[in-house]
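Pasted below: protein_29.cif, mmCIF, N, CA and C atoms.
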data_my_file
#
loop_
_atom_site.label_atom_id
_atom_site.label_comp_id
_atom_site.auth_asym_id
_atom_site.auth_seq_id
_atom_site.Cartn_x
_atom_site.Cartn_y
_atom_site.Cartn_z
N MET O 19 17.02 8.06 11.09
CA MET O 19 15.93 8.60 10.28
C MET O 19 14.70 7.70 10.36
N LYS O 20 14.95 6.37 10.28
CA LYS O 20 13.83 5.43 10.36
C LYS O 20 13.12 5.56 11.70
N ARG O 21 13.90 5.74 12.76
CA ARG O 21 13.31 5.84 14.10
C ARG O 21 12.48 7.11 14.23
N ILE O 22 12.93 8.20 13.61
CA ILE O 22 12.18 9.46 13.65
C ILE O 22 10.85 9.29 12.93
N ILE O 23 10.90 8.67 11.75
CA ILE O 23 9.67 8.44 10.97
C ILE O 23 8.73 7.55 11.75
N LEU O 24 9.26 6.48 12.34
CA LEU O 24 8.44 5.56 13.13
C LEU O 24 7.82 6.29 14.31
N SER O 25 8.58 7.13 15.01
CA SER O 25 8.06 7.89 16.14
C SER O 25 6.93 8.83 15.71
N LEU O 26 7.13 9.51 14.60
CA LEU O 26 6.09 10.40 14.08
C LEU O 26 4.83 9.62 13.71
N PHE O 27 5.02 8.47 13.08
CA PHE O 27 3.89 7.63 12.69
C PHE O 27 3.12 7.18 13.93
N LEU O 28 3.84 6.71 14.94
CA LEU O 28 3.17 6.24 16.16
C LEU O 28 2.45 7.38 16.88
N SER O 29 3.03 8.56 16.86
CA SER O 29 2.37 9.72 17.46
C SER O 29 1.07 10.04 16.72
N LEU O 30 1.13 9.99 15.40
CA LEU O 30 -0.07 10.25 14.60
C LEU O 30 -1.14 9.21 14.88
N VAL O 31 -0.77 7.96 14.95
CA VAL O 31 -1.74 6.90 15.24
C VAL O 31 -2.36 7.12 16.61
N THR O 32 -1.56 7.52 17.59
CA THR O 32 -2.07 7.79 18.93
C THR O 32 -3.11 8.91 18.90
N ILE O 33 -2.83 9.97 18.18
CA ILE O 33 -3.76 11.10 18.07
C ILE O 33 -5.05 10.65 17.38
N ILE O 34 -4.91 9.90 16.29
CA ILE O 34 -6.10 9.43 15.56
C ILE O 34 -6.93 8.51 16.45
N CYS O 35 -6.27 7.63 17.18
CA CYS O 35 -6.99 6.67 18.02
C CYS O 35 -7.78 7.35 19.13
N ARG O 36 -7.27 8.45 19.63
CA ARG O 36 -7.99 9.18 20.68
C ARG O 36 -9.25 9.84 20.14
N SER O 37 -9.28 10.11 18.85
CA SER O 37 -10.42 10.82 18.28
C SER O 37 -11.40 9.88 17.58
N GLN O 38 -11.07 8.60 17.47
CA GLN O 38 -11.94 7.67 16.75
C GLN O 38 -12.04 6.37 17.54
N GLU O 39 -13.02 5.58 17.13
CA GLU O 39 -13.09 4.21 17.63
C GLU O 39 -12.07 3.38 16.87
N TYR O 40 -11.48 2.44 17.55
CA TYR O 40 -10.52 1.58 16.88
C TYR O 40 -10.54 0.21 17.51
N LYS O 41 -9.97 -0.75 16.78
CA LYS O 41 -9.85 -2.12 17.26
C LYS O 41 -8.44 -2.61 16.98
N GLU O 42 -7.89 -3.33 17.94
CA GLU O 42 -6.60 -3.97 17.74
C GLU O 42 -6.84 -5.43 17.39
N TYR O 43 -6.07 -5.90 16.44
CA TYR O 43 -6.23 -7.28 15.99
C TYR O 43 -4.92 -8.04 16.18
N GLN O 44 -4.57 -8.82 15.21
CA GLN O 44 -3.41 -9.69 15.30
C GLN O 44 -2.11 -8.93 15.55
N THR O 45 -1.20 -9.65 16.17
CA THR O 45 0.15 -9.14 16.35
C THR O 45 0.89 -9.25 15.03
N VAL O 46 1.63 -8.22 14.69
CA VAL O 46 2.48 -8.22 13.50
C VAL O 46 3.90 -7.91 13.97
N GLN O 47 4.79 -8.83 13.68
CA GLN O 47 6.20 -8.61 14.00
C GLN O 47 6.92 -8.24 12.72
N ILE O 48 7.80 -7.26 12.82
CA ILE O 48 8.58 -6.84 11.66
C ILE O 48 10.05 -7.01 12.00
N ILE O 49 10.76 -7.71 11.14
CA ILE O 49 12.21 -7.85 11.30
C ILE O 49 12.86 -7.33 10.02
N VAL O 50 13.79 -6.41 10.20
CA VAL O 50 14.55 -5.90 9.06
C VAL O 50 15.93 -6.54 9.11
N HIS O 51 16.23 -7.31 8.07
CA HIS O 51 17.52 -7.97 7.94
C HIS O 51 18.40 -7.11 7.03
N LYS O 52 19.65 -6.94 7.40
CA LYS O 52 20.62 -6.23 6.56
C LYS O 52 21.35 -7.26 5.71
N ILE O 53 21.18 -7.20 4.40
CA ILE O 53 21.86 -8.11 3.49
C ILE O 53 23.10 -7.40 2.95
N ILE O 54 24.24 -8.05 3.14
CA ILE O 54 25.49 -7.55 2.58
C ILE O 54 26.05 -8.67 1.71
N ILE O 55 26.18 -8.41 0.42
CA ILE O 55 26.65 -9.43 -0.53
C ILE O 55 28.17 -9.56 -0.40
N PRO O 56 28.68 -10.75 -0.01
CA PRO O 56 30.14 -10.92 0.06
C PRO O 56 30.74 -11.02 -1.35
N GLU O 57 32.05 -10.93 -1.43
CA GLU O 57 32.74 -10.96 -2.74
C GLU O 57 32.38 -12.17 -3.58
N ASN O 58 32.29 -13.32 -2.96
CA ASN O 58 31.99 -14.54 -3.71
C ASN O 58 30.50 -14.88 -3.72
N GLY O 59 29.66 -13.94 -3.32
CA GLY O 59 28.22 -14.18 -3.24
C GLY O 59 27.45 -13.47 -4.33
N SER O 60 26.14 -13.64 -4.29
CA SER O 60 25.27 -12.98 -5.28
C SER O 60 23.90 -12.72 -4.66
N LEU O 61 23.22 -11.74 -5.20
CA LEU O 61 21.85 -11.45 -4.77
C LEU O 61 20.97 -12.66 -5.03
N LYS O 62 21.17 -13.33 -6.15
CA LYS O 62 20.37 -14.51 -6.48
C LYS O 62 20.50 -15.58 -5.40
N GLU O 63 21.73 -15.83 -4.93
CA GLU O 63 21.92 -16.86 -3.91
C GLU O 63 21.21 -16.51 -2.61
N VAL O 64 21.35 -15.27 -2.14
CA VAL O 64 20.70 -14.92 -0.88
C VAL O 64 19.18 -14.95 -1.02
N LEU O 65 18.65 -14.59 -2.17
CA LEU O 65 17.20 -14.67 -2.38
C LEU O 65 16.73 -16.12 -2.46
N ASP O 66 17.54 -17.00 -3.05
CA ASP O 66 17.22 -18.43 -3.07
C ASP O 66 17.20 -19.00 -1.65
N LEU O 67 18.19 -18.63 -0.85
CA LEU O 67 18.23 -19.09 0.54
C LEU O 67 17.04 -18.56 1.33
N THR O 68 16.72 -17.29 1.11
CA THR O 68 15.57 -16.68 1.77
C THR O 68 14.28 -17.39 1.38
N GLN O 69 14.16 -17.75 0.11
CA GLN O 69 12.97 -18.45 -0.35
C GLN O 69 12.86 -19.83 0.30
N GLN O 70 13.98 -20.54 0.41
CA GLN O 70 13.95 -21.86 1.07
C GLN O 70 13.46 -21.72 2.51
N TRP O 71 14.00 -20.76 3.25
CA TRP O 71 13.60 -20.56 4.64
C TRP O 71 12.12 -20.17 4.73
N THR O 72 11.71 -19.24 3.88
CA THR O 72 10.34 -18.75 3.91
C THR O 72 9.33 -19.84 3.58
N GLU O 73 9.59 -20.58 2.50
CA GLU O 73 8.62 -21.59 2.04
C GLU O 73 8.60 -22.84 2.91
N ASN O 74 9.75 -23.24 3.45
CA ASN O 74 9.83 -24.51 4.18
C ASN O 74 9.68 -24.38 5.68
N VAL O 75 9.81 -23.18 6.20
CA VAL O 75 9.66 -23.00 7.64
C VAL O 75 8.57 -21.97 7.94
N LEU O 76 8.78 -20.74 7.54
CA LEU O 76 7.86 -19.67 7.95
C LEU O 76 6.44 -19.89 7.46
N ARG O 77 6.27 -20.15 6.19
CA ARG O 77 4.91 -20.28 5.64
C ARG O 77 4.22 -21.59 6.03
N LYS O 78 4.98 -22.52 6.59
CA LYS O 78 4.38 -23.77 7.07
C LYS O 78 4.14 -23.74 8.57
N ASN O 79 4.54 -22.67 9.23
CA ASN O 79 4.32 -22.55 10.67
C ASN O 79 2.87 -22.17 10.90
N GLU O 80 2.17 -23.00 11.63
CA GLU O 80 0.72 -22.82 11.84
C GLU O 80 0.37 -21.57 12.64
N ASN O 81 1.33 -20.94 13.30
CA ASN O 81 1.06 -19.74 14.08
C ASN O 81 0.98 -18.47 13.24
N PHE O 82 1.46 -18.55 12.00
CA PHE O 82 1.44 -17.37 11.15
C PHE O 82 0.24 -17.38 10.21
N GLU O 83 -0.45 -16.26 10.18
CA GLU O 83 -1.53 -16.10 9.21
C GLU O 83 -0.96 -15.70 7.85
N ASN O 84 0.11 -14.90 7.89
CA ASN O 84 0.68 -14.40 6.65
C ASN O 84 2.14 -14.00 6.89
N ILE O 85 2.95 -14.22 5.87
CA ILE O 85 4.34 -13.77 5.86
C ILE O 85 4.50 -12.92 4.60
N GLN O 86 5.03 -11.73 4.76
CA GLN O 86 5.25 -10.85 3.61
C GLN O 86 6.69 -10.36 3.63
N LEU O 87 7.31 -10.35 2.45
CA LEU O 87 8.69 -9.91 2.31
C LEU O 87 8.73 -8.62 1.49
N LEU O 88 9.53 -7.66 1.94
CA LEU O 88 9.75 -6.41 1.22
C LEU O 88 11.26 -6.20 1.12
N ILE O 89 11.71 -5.68 0.00
CA ILE O 89 13.14 -5.48 -0.18
C ILE O 89 13.41 -4.05 -0.65
N SER O 90 14.52 -3.49 -0.18
CA SER O 90 14.90 -2.14 -0.57
C SER O 90 15.64 -2.17 -1.91
N ASP O 91 16.18 -1.05 -2.29
CA ASP O 91 16.92 -0.90 -3.55
C ASP O 91 18.07 -1.91 -3.58
N THR O 92 18.06 -2.80 -4.58
CA THR O 92 19.07 -3.85 -4.67
C THR O 92 20.37 -3.38 -5.31
N ALA O 93 20.44 -2.13 -5.70
CA ALA O 93 21.67 -1.59 -6.29
C ALA O 93 22.64 -1.08 -5.22
N LYS O 94 22.20 -1.00 -3.98
CA LYS O 94 23.03 -0.48 -2.90
C LYS O 94 23.92 -1.58 -2.33
N ASP O 95 24.94 -1.17 -1.57
CA ASP O 95 25.86 -2.12 -0.95
C ASP O 95 25.18 -2.93 0.16
N THR O 96 24.32 -2.28 0.92
CA THR O 96 23.55 -2.96 1.96
C THR O 96 22.09 -2.90 1.58
N ILE O 97 21.46 -4.05 1.58
CA ILE O 97 20.06 -4.17 1.16
C ILE O 97 19.23 -4.51 2.40
N ASP O 98 18.11 -3.83 2.57
CA ASP O 98 17.20 -4.15 3.67
C ASP O 98 16.16 -5.15 3.17
N LEU O 99 16.02 -6.24 3.92
CA LEU O 99 14.95 -7.21 3.67
C LEU O 99 14.03 -7.14 4.87
N MET O 100 12.82 -6.66 4.66
CA MET O 100 11.85 -6.53 5.74
C MET O 100 10.89 -7.71 5.65
N VAL O 101 10.74 -8.41 6.78
CA VAL O 101 9.83 -9.54 6.84
C VAL O 101 8.72 -9.19 7.82
N LEU O 102 7.48 -9.25 7.36
CA LEU O 102 6.32 -8.98 8.19
C LEU O 102 5.66 -10.31 8.53
N TYR O 103 5.59 -10.60 9.82
CA TYR O 103 4.99 -11.84 10.31
C TYR O 103 3.65 -11.49 10.94
N LYS O 104 2.57 -11.89 10.32
CA LYS O 104 1.25 -11.63 10.90
C LYS O 104 0.81 -12.91 11.61
N TYR O 105 0.66 -12.80 12.94
CA TYR O 105 0.31 -13.96 13.74
C TYR O 105 -1.20 -14.19 13.76
N LYS O 106 -1.59 -15.46 13.88
CA LYS O 106 -3.00 -15.79 14.09
C LYS O 106 -3.37 -15.38 15.52
N LEU O 107 -4.65 -15.20 15.75
CA LEU O 107 -5.11 -14.78 17.07
C LEU O 107 -4.97 -15.87 18.13
N ASP O 108 -5.17 -17.10 17.73
CA ASP O 108 -5.20 -18.20 18.71
C ASP O 108 -4.02 -19.16 18.52
N ASN O 109 -2.89 -18.76 19.04
CA ASN O 109 -1.70 -19.62 18.97
C ASN O 109 -1.62 -20.47 20.23
N SER O 110 -1.72 -21.76 20.05
CA SER O 110 -1.67 -22.65 21.21
C SER O 110 -0.29 -23.25 21.42
N ARG O 111 0.59 -23.11 20.41
CA ARG O 111 1.92 -23.69 20.50
C ARG O 111 2.98 -22.61 20.34
N ASN O 112 4.15 -22.87 20.87
CA ASN O 112 5.27 -21.95 20.77
C ASN O 112 5.77 -21.91 19.33
N THR O 113 5.91 -20.71 18.78
CA THR O 113 6.32 -20.52 17.39
C THR O 113 7.71 -21.10 17.13
N ASN O 114 8.64 -20.88 18.06
CA ASN O 114 10.00 -21.39 17.87
C ASN O 114 10.05 -22.92 17.89
N GLU O 115 9.21 -23.55 18.73
CA GLU O 115 9.16 -25.02 18.74
C GLU O 115 8.67 -25.55 17.40
N ILE O 116 7.67 -24.90 16.84
CA ILE O 116 7.15 -25.31 15.52
C ILE O 116 8.25 -25.13 14.47
N ASN O 117 8.96 -24.00 14.53
CA ASN O 117 10.06 -23.78 13.59
C ASN O 117 11.09 -24.90 13.69
N GLN O 118 11.43 -25.31 14.91
CA GLN O 118 12.42 -26.38 15.09
C GLN O 118 11.94 -27.69 14.47
N GLU O 119 10.65 -27.99 14.63
CA GLU O 119 10.09 -29.21 14.02
C GLU O 119 10.18 -29.14 12.49
N LEU O 120 9.87 -27.98 11.94
CA LEU O 120 9.92 -27.81 10.49
C LEU O 120 11.36 -27.88 9.98
N ILE O 121 12.29 -27.33 10.73
CA ILE O 121 13.71 -27.42 10.37
C ILE O 121 14.14 -28.88 10.33
N SER O 122 13.76 -29.64 11.35
CA SER O 122 14.12 -31.07 11.40
C SER O 122 13.50 -31.85 10.25
N LYS O 123 12.32 -31.44 9.84
CA LYS O 123 11.64 -32.13 8.73
C LYS O 123 12.31 -31.81 7.39
N TYR O 124 12.62 -30.54 7.15
CA TYR O 124 13.18 -30.13 5.86
C TYR O 124 14.68 -30.44 5.77
N TRP O 125 15.39 -30.31 6.87
CA TRP O 125 16.84 -30.61 6.92
C TRP O 125 17.04 -31.71 7.96
N PRO O 126 16.72 -32.97 7.61
CA PRO O 126 16.79 -34.05 8.62
C PRO O 126 18.20 -34.29 9.17
N GLU O 127 19.20 -33.99 8.38
CA GLU O 127 20.57 -34.16 8.87
C GLU O 127 21.05 -32.83 9.45
N LYS O 128 21.57 -32.88 10.67
CA LYS O 128 21.99 -31.66 11.36
C LYS O 128 23.00 -30.87 10.54
N ASP O 129 23.94 -31.57 9.90
CA ASP O 129 24.96 -30.89 9.09
C ASP O 129 24.34 -30.12 7.93
N ALA O 130 23.25 -30.62 7.37
CA ALA O 130 22.60 -29.95 6.24
C ALA O 130 22.04 -28.61 6.67
N PHE O 131 21.41 -28.56 7.85
CA PHE O 131 20.86 -27.30 8.33
C PHE O 131 21.99 -26.34 8.70
N GLU O 132 23.02 -26.83 9.36
CA GLU O 132 24.14 -25.97 9.72
C GLU O 132 24.78 -25.36 8.47
N ASP O 133 24.91 -26.16 7.41
CA ASP O 133 25.44 -25.65 6.15
C ASP O 133 24.53 -24.56 5.59
N PHE O 134 23.23 -24.82 5.60
CA PHE O 134 22.26 -23.84 5.11
C PHE O 134 22.35 -22.53 5.90
N ILE O 135 22.32 -22.63 7.23
CA ILE O 135 22.30 -21.41 8.05
C ILE O 135 23.61 -20.65 7.94
N ASN O 136 24.73 -21.36 7.80
CA ASN O 136 26.02 -20.68 7.60
C ASN O 136 26.05 -19.94 6.28
N ARG O 137 25.49 -20.54 5.24
CA ARG O 137 25.41 -19.85 3.93
C ARG O 137 24.53 -18.61 4.04
N LEU O 138 23.40 -18.72 4.73
CA LEU O 138 22.50 -17.58 4.90
C LEU O 138 23.16 -16.48 5.73
N HIS O 139 23.84 -16.87 6.79
CA HIS O 139 24.48 -15.88 7.65
C HIS O 139 25.72 -15.25 7.02
N ALA O 140 26.20 -15.81 5.92
CA ALA O 140 27.27 -15.14 5.17
C ALA O 140 26.75 -13.84 4.55
N TYR O 141 25.43 -13.75 4.38
CA TYR O 141 24.78 -12.57 3.81
C TYR O 141 24.07 -11.72 4.87
N ILE O 142 23.47 -12.40 5.85
CA ILE O 142 22.63 -11.72 6.85
C ILE O 142 23.20 -12.01 8.23
N ASN O 143 23.71 -10.98 8.89
CA ASN O 143 24.22 -11.12 10.24
C ASN O 143 23.06 -10.89 11.21
N PRO O 144 22.63 -11.92 11.95
CA PRO O 144 21.48 -11.76 12.85
C PRO O 144 21.66 -10.66 13.89
N LYS O 145 22.90 -10.32 14.22
CA LYS O 145 23.14 -9.26 15.22
C LYS O 145 22.72 -7.88 14.68
N LEU O 146 22.59 -7.75 13.37
CA LEU O 146 22.20 -6.47 12.77
C LEU O 146 20.68 -6.36 12.56
N ASN O 147 19.94 -7.42 12.88
CA ASN O 147 18.49 -7.40 12.70
C ASN O 147 17.84 -6.33 13.58
N GLU O 148 16.84 -5.67 13.03
CA GLU O 148 16.03 -4.72 13.79
C GLU O 148 14.64 -5.32 13.90
N ARG O 149 14.16 -5.46 15.13
CA ARG O 149 12.90 -6.15 15.38
C ARG O 149 11.90 -5.21 16.05
N SER O 150 10.65 -5.25 15.58
CA SER O 150 9.57 -4.46 16.17
C SER O 150 8.32 -5.32 16.20
N VAL O 151 7.49 -5.08 17.20
CA VAL O 151 6.22 -5.81 17.31
C VAL O 151 5.10 -4.79 17.39
N PHE O 152 4.07 -5.00 16.57
CA PHE O 152 2.92 -4.10 16.50
C PHE O 152 1.64 -4.91 16.62
N ARG O 153 0.54 -4.21 16.80
CA ARG O 153 -0.79 -4.81 16.73
C ARG O 153 -1.47 -4.20 15.52
N GLU O 154 -2.10 -5.04 14.72
CA GLU O 154 -2.85 -4.52 13.57
C GLU O 154 -3.95 -3.62 14.11
N LEU O 155 -4.18 -2.51 13.42
CA LEU O 155 -5.11 -1.50 13.89
C LEU O 155 -6.15 -1.21 12.81
N THR O 156 -7.41 -1.18 13.22
CA THR O 156 -8.49 -0.81 12.31
C THR O 156 -9.21 0.39 12.90
N LEU O 157 -9.28 1.46 12.14
CA LEU O 157 -9.97 2.67 12.60
C LEU O 157 -11.38 2.67 12.05
N ASP O 158 -12.35 2.98 12.90
CA ASP O 158 -13.75 3.06 12.47
C ASP O 158 -14.20 4.50 12.36
#
As a first step, turn the structure in this file into structure tokens.
Amino acid sequence: MKRIILSLFLSLVTIICRSQEYKEYQTVQIIVHKIIIPENGSLKEVLDLTQQWTENVLRKNENFENIQLLISDTAKDTIDLMVLYKYKLDNSRNTNEINQELISKYWPEKDAFEDFINRLHAYINPKLNERSVFRELTLD
């Protein structure tokens, strides 16, 4: 269903763009994480872990202009966490390299980061992530 809606949206944008002037701006990457709360887990814990990652790595990465988080209905068994990464126009460094530097700074001991990521992955399986890349669009 999401793919159908996305296809319709992209078709509409294509039609609009052909009839108007437009400009493409920054790249926006969207990742949808599937959160599944395990028996011994809680929504509070996964949100705390998400906040640690967002505040200490993502929002400190100089390549991002903005990071925005959106969450679906938290009463369901599987919760969608959508992360919108708006990139700056002039990135001179690799985003993943910067992330690694920030990880080393916030979790100086390797075991501490491994513990953190294992706790996070108890809720979010990276293999279930859905990733899309867009360009910001302004219609004139």
Could you state which residues are captured by the PyMOL selection byres ((chain O and resi 141-144) around 6) in this file, as a PyMOL selection string?
chain O and resi 52-56+137-140+145-147
Please produce a file of the residues just selected, as a compact mmCIF listing (two decimals), in the frame of the given file, where the atoms kept are N, CA and C atoms.
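Written file, out.txt:
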# COMPACT_ATOMS: atom_id res chain seq x y z
N LYS O 52 19.65 -6.94 7.40
CA LYS O 52 20.62 -6.23 6.56
C LYS O 52 21.35 -7.26 5.71
N ILE O 53 21.18 -7.20 4.40
CA ILE O 53 21.86 -8.11 3.49
C ILE O 53 23.10 -7.40 2.95
N ILE O 54 24.24 -8.05 3.14
CA ILE O 54 25.49 -7.55 2.58
C ILE O 54 26.05 -8.67 1.71
N ILE O 55 26.18 -8.41 0.42
CA ILE O 55 26.65 -9.43 -0.53
C ILE O 55 28.17 -9.56 -0.40
N PRO O 56 28.68 -10.75 -0.01
CA PRO O 56 30.14 -10.92 0.06
C PRO O 56 30.74 -11.02 -1.35
N ARG O 137 25.49 -20.54 5.24
CA ARG O 137 25.41 -19.85 3.93
C ARG O 137 24.53 -18.61 4.04
N LEU O 138 23.40 -18.72 4.73
CA LEU O 138 22.50 -17.58 4.90
C LEU O 138 23.16 -16.48 5.73
N HIS O 139 23.84 -16.87 6.79
CA HIS O 139 24.48 -15.88 7.65
C HIS O 139 25.72 -15.25 7.02
N ALA O 140 26.20 -15.81 5.92
CA ALA O 140 27.27 -15.14 5.17
C ALA O 140 26.75 -13.84 4.55
N LYS O 145 22.90 -10.32 14.22
CA LYS O 145 23.14 -9.26 15.22
C LYS O 145 22.72 -7.88 14.68
N LEU O 146 22.59 -7.75 13.37
CA LEU O 146 22.20 -6.47 12.77
C LEU O 146 20.68 -6.36 12.56
N ASN O 147 19.94 -7.42 12.88
CA ASN O 147 18.49 -7.40 12.70
C ASN O 147 17.84 -6.33 13.58
Determine, for each residue of segment 59-96 of chain O having at least one atom at most 10 Å from an atom of segment 129-135 of chain O, the closest pair of atoms and their separation in Å to one decimal, counting only C-alpha atoms; order by chain and ascending number, as JSON lines.
{"residue": "O:Leu67", "atom": "CA", "partner": "O:Phe134", "partner_atom": "CA", "distance": 7.7}
{"residue": "O:Gln70", "atom": "CA", "partner": "O:Phe134", "partner_atom": "CA", "distance": 9.4}
{"residue": "O:Trp71", "atom": "CA", "partner": "O:Phe134", "partner_atom": "CA", "distance": 9.3}
Please expand the PyMOL selection byres (((chain O and resi 75-89 and name CA) around 7) and name CA) into the concrete residues it hits in this file, giving the result as a ChimeraX atom specification.
/O:71-74,90-91,98-106,109,113,116-117,120-121
Per-residue DSSP, segment 56-151 of chain O, filtered to helix (DSSP H, G or I), as a count of residues only:
44
Distance criterion (only N, CA and C atoms): nearest to Val151 of chain O out of O:Lys62, O:Gln69, O:Gln47, O:Glu115
O:Gln47
Mind filling out segment 63-71 of chain O with all heavy atoms and sending it as a PDB file, in the coordinates of the input?
ATOM      1  N   GLU O  63      21.730 -15.830  -4.930  1.00  0.00           N
ATOM      2  CA  GLU O  63      21.920 -16.860  -3.910  1.00  0.00           C
ATOM      3  C   GLU O  63      21.210 -16.510  -2.610  1.00  0.00           C
ATOM      4  O   GLU O  63      20.514 -17.349  -2.036  1.00  0.00           O
ATOM      5  CB  GLU O  63      23.400 -17.119  -3.632  1.00  0.00           C
ATOM      6  CG  GLU O  63      23.584 -18.225  -2.594  1.00  0.00           C
ATOM      7  CD  GLU O  63      25.021 -18.559  -2.274  1.00  0.00           C
ATOM      8  OE1 GLU O  63      25.912 -17.714  -2.500  1.00  0.00           O
ATOM      9  OE2 GLU O  63      25.251 -19.671  -1.776  1.00  0.00           O
ATOM     10  N   VAL O  64      21.350 -15.270  -2.140  1.00  0.00           N
ATOM     11  CA  VAL O  64      20.700 -14.920  -0.880  1.00  0.00           C
ATOM     12  C   VAL O  64      19.180 -14.950  -1.020  1.00  0.00           C
ATOM     13  O   VAL O  64      18.470 -15.357  -0.093  1.00  0.00           O
ATOM     14  CB  VAL O  64      21.186 -13.560  -0.311  1.00  0.00           C
ATOM     15  CG1 VAL O  64      20.698 -12.384  -1.129  1.00  0.00           C
ATOM     16  CG2 VAL O  64      20.754 -13.404   1.149  1.00  0.00           C
ATOM     17  N   LEU O  65      18.650 -14.590  -2.170  1.00  0.00           N
ATOM     18  CA  LEU O  65      17.200 -14.670  -2.380  1.00  0.00           C
ATOM     19  C   LEU O  65      16.730 -16.120  -2.460  1.00  0.00           C
ATOM     20  O   LEU O  65      15.648 -16.452  -1.968  1.00  0.00           O
ATOM     21  CB  LEU O  65      16.791 -13.872  -3.613  1.00  0.00           C
ATOM     22  CG  LEU O  65      16.994 -12.353  -3.498  1.00  0.00           C
ATOM     23  CD1 LEU O  65      16.548 -11.650  -4.779  1.00  0.00           C
ATOM     24  CD2 LEU O  65      16.299 -11.766  -2.281  1.00  0.00           C
ATOM     25  N   ASP O  66      17.540 -17.000  -3.050  1.00  0.00           N
ATOM     26  CA  ASP O  66      17.220 -18.430  -3.070  1.00  0.00           C
ATOM     27  C   ASP O  66      17.200 -19.000  -1.650  1.00  0.00           C
ATOM     28  O   ASP O  66      16.293 -19.759  -1.294  1.00  0.00           O
ATOM     29  CB  ASP O  66      18.218 -19.213  -3.927  1.00  0.00           C
ATOM     30  CG  ASP O  66      18.045 -18.980  -5.424  1.00  0.00           C
ATOM     31  OD1 ASP O  66      16.996 -18.426  -5.840  1.00  0.00           O
ATOM     32  OD2 ASP O  66      18.973 -19.344  -6.184  1.00  0.00           O
ATOM     33  N   LEU O  67      18.190 -18.630  -0.850  1.00  0.00           N
ATOM     34  CA  LEU O  67      18.230 -19.090   0.540  1.00  0.00           C
ATOM     35  C   LEU O  67      17.040 -18.560   1.330  1.00  0.00           C
ATOM     36  O   LEU O  67      16.413 -19.276   2.112  1.00  0.00           O
ATOM     37  CB  LEU O  67      19.548 -18.659   1.198  1.00  0.00           C
ATOM     38  CG  LEU O  67      20.822 -19.295   0.641  1.00  0.00           C
ATOM     39  CD1 LEU O  67      22.051 -18.551   1.149  1.00  0.00           C
ATOM     40  CD2 LEU O  67      20.887 -20.772   0.984  1.00  0.00           C
ATOM     41  N   THR O  68      16.720 -17.290   1.110  1.00  0.00           N
ATOM     42  CA  THR O  68      15.570 -16.680   1.770  1.00  0.00           C
ATOM     43  C   THR O  68      14.280 -17.390   1.380  1.00  0.00           C
ATOM     44  O   THR O  68      13.412 -17.638   2.221  1.00  0.00           O
ATOM     45  CB  THR O  68      15.487 -15.174   1.419  1.00  0.00           C
ATOM     46  OG1 THR O  68      16.698 -14.540   1.850  1.00  0.00           O
ATOM     47  CG2 THR O  68      14.293 -14.504   2.053  1.00  0.00           C
ATOM     48  N   GLN O  69      14.160 -17.750   0.110  1.00  0.00           N
ATOM     49  CA  GLN O  69      12.970 -18.450  -0.350  1.00  0.00           C
ATOM     50  C   GLN O  69      12.860 -19.830   0.300  1.00  0.00           C
ATOM     51  O   GLN O  69      11.770 -20.230   0.731  1.00  0.00           O
ATOM     52  CB  GLN O  69      12.972 -18.601  -1.864  1.00  0.00           C
ATOM     53  CG  GLN O  69      11.723 -19.303  -2.381  1.00  0.00           C
ATOM     54  CD  GLN O  69      11.679 -19.399  -3.887  1.00  0.00           C
ATOM     55  OE1 GLN O  69      12.638 -19.106  -4.568  1.00  0.00           O
ATOM     56  NE2 GLN O  69      10.547 -19.818  -4.398  1.00  0.00           N
ATOM     57  N   GLN O  70      13.980 -20.540   0.410  1.00  0.00           N
ATOM     58  CA  GLN O  70      13.950 -21.860   1.070  1.00  0.00           C
ATOM     59  C   GLN O  70      13.460 -21.720   2.510  1.00  0.00           C
ATOM     60  O   GLN O  70      12.603 -22.500   2.948  1.00  0.00           O
ATOM     61  CB  GLN O  70      15.356 -22.476   1.095  1.00  0.00           C
ATOM     62  CG  GLN O  70      15.816 -23.051  -0.206  1.00  0.00           C
ATOM     63  CD  GLN O  70      17.212 -23.633  -0.039  1.00  0.00           C
ATOM     64  OE1 GLN O  70      17.473 -24.401   0.881  1.00  0.00           O
ATOM     65  NE2 GLN O  70      18.113 -23.249  -0.927  1.00  0.00           N
ATOM     66  N   TRP O  71      14.000 -20.760   3.250  1.00  0.00           N
ATOM     67  CA  TRP O  71      13.600 -20.560   4.640  1.00  0.00           C
ATOM     68  C   TRP O  71      12.120 -20.170   4.730  1.00  0.00           C
ATOM     69  O   TRP O  71      11.365 -20.705   5.538  1.00  0.00           O
ATOM     70  CB  TRP O  71      14.484 -19.494   5.281  1.00  0.00           C
ATOM     71  CG  TRP O  71      14.108 -19.191   6.682  1.00  0.00           C
ATOM     72  CD1 TRP O  71      13.445 -18.085   7.128  1.00  0.00           C
ATOM     73  CD2 TRP O  71      14.349 -20.006   7.831  1.00  0.00           C
ATOM     74  NE1 TRP O  71      13.272 -18.163   8.488  1.00  0.00           N
ATOM     75  CE2 TRP O  71      13.815 -19.328   8.940  1.00  0.00           C
ATOM     76  CE3 TRP O  71      14.966 -21.236   8.024  1.00  0.00           C
ATOM     77  CZ2 TRP O  71      13.880 -19.847  10.229  1.00  0.00           C
ATOM     78  CZ3 TRP O  71      15.033 -21.745   9.311  1.00  0.00           C
ATOM     79  CH2 TRP O  71      14.496 -21.066  10.385  1.00  0.00           C
TER      80      TRP O  71
END
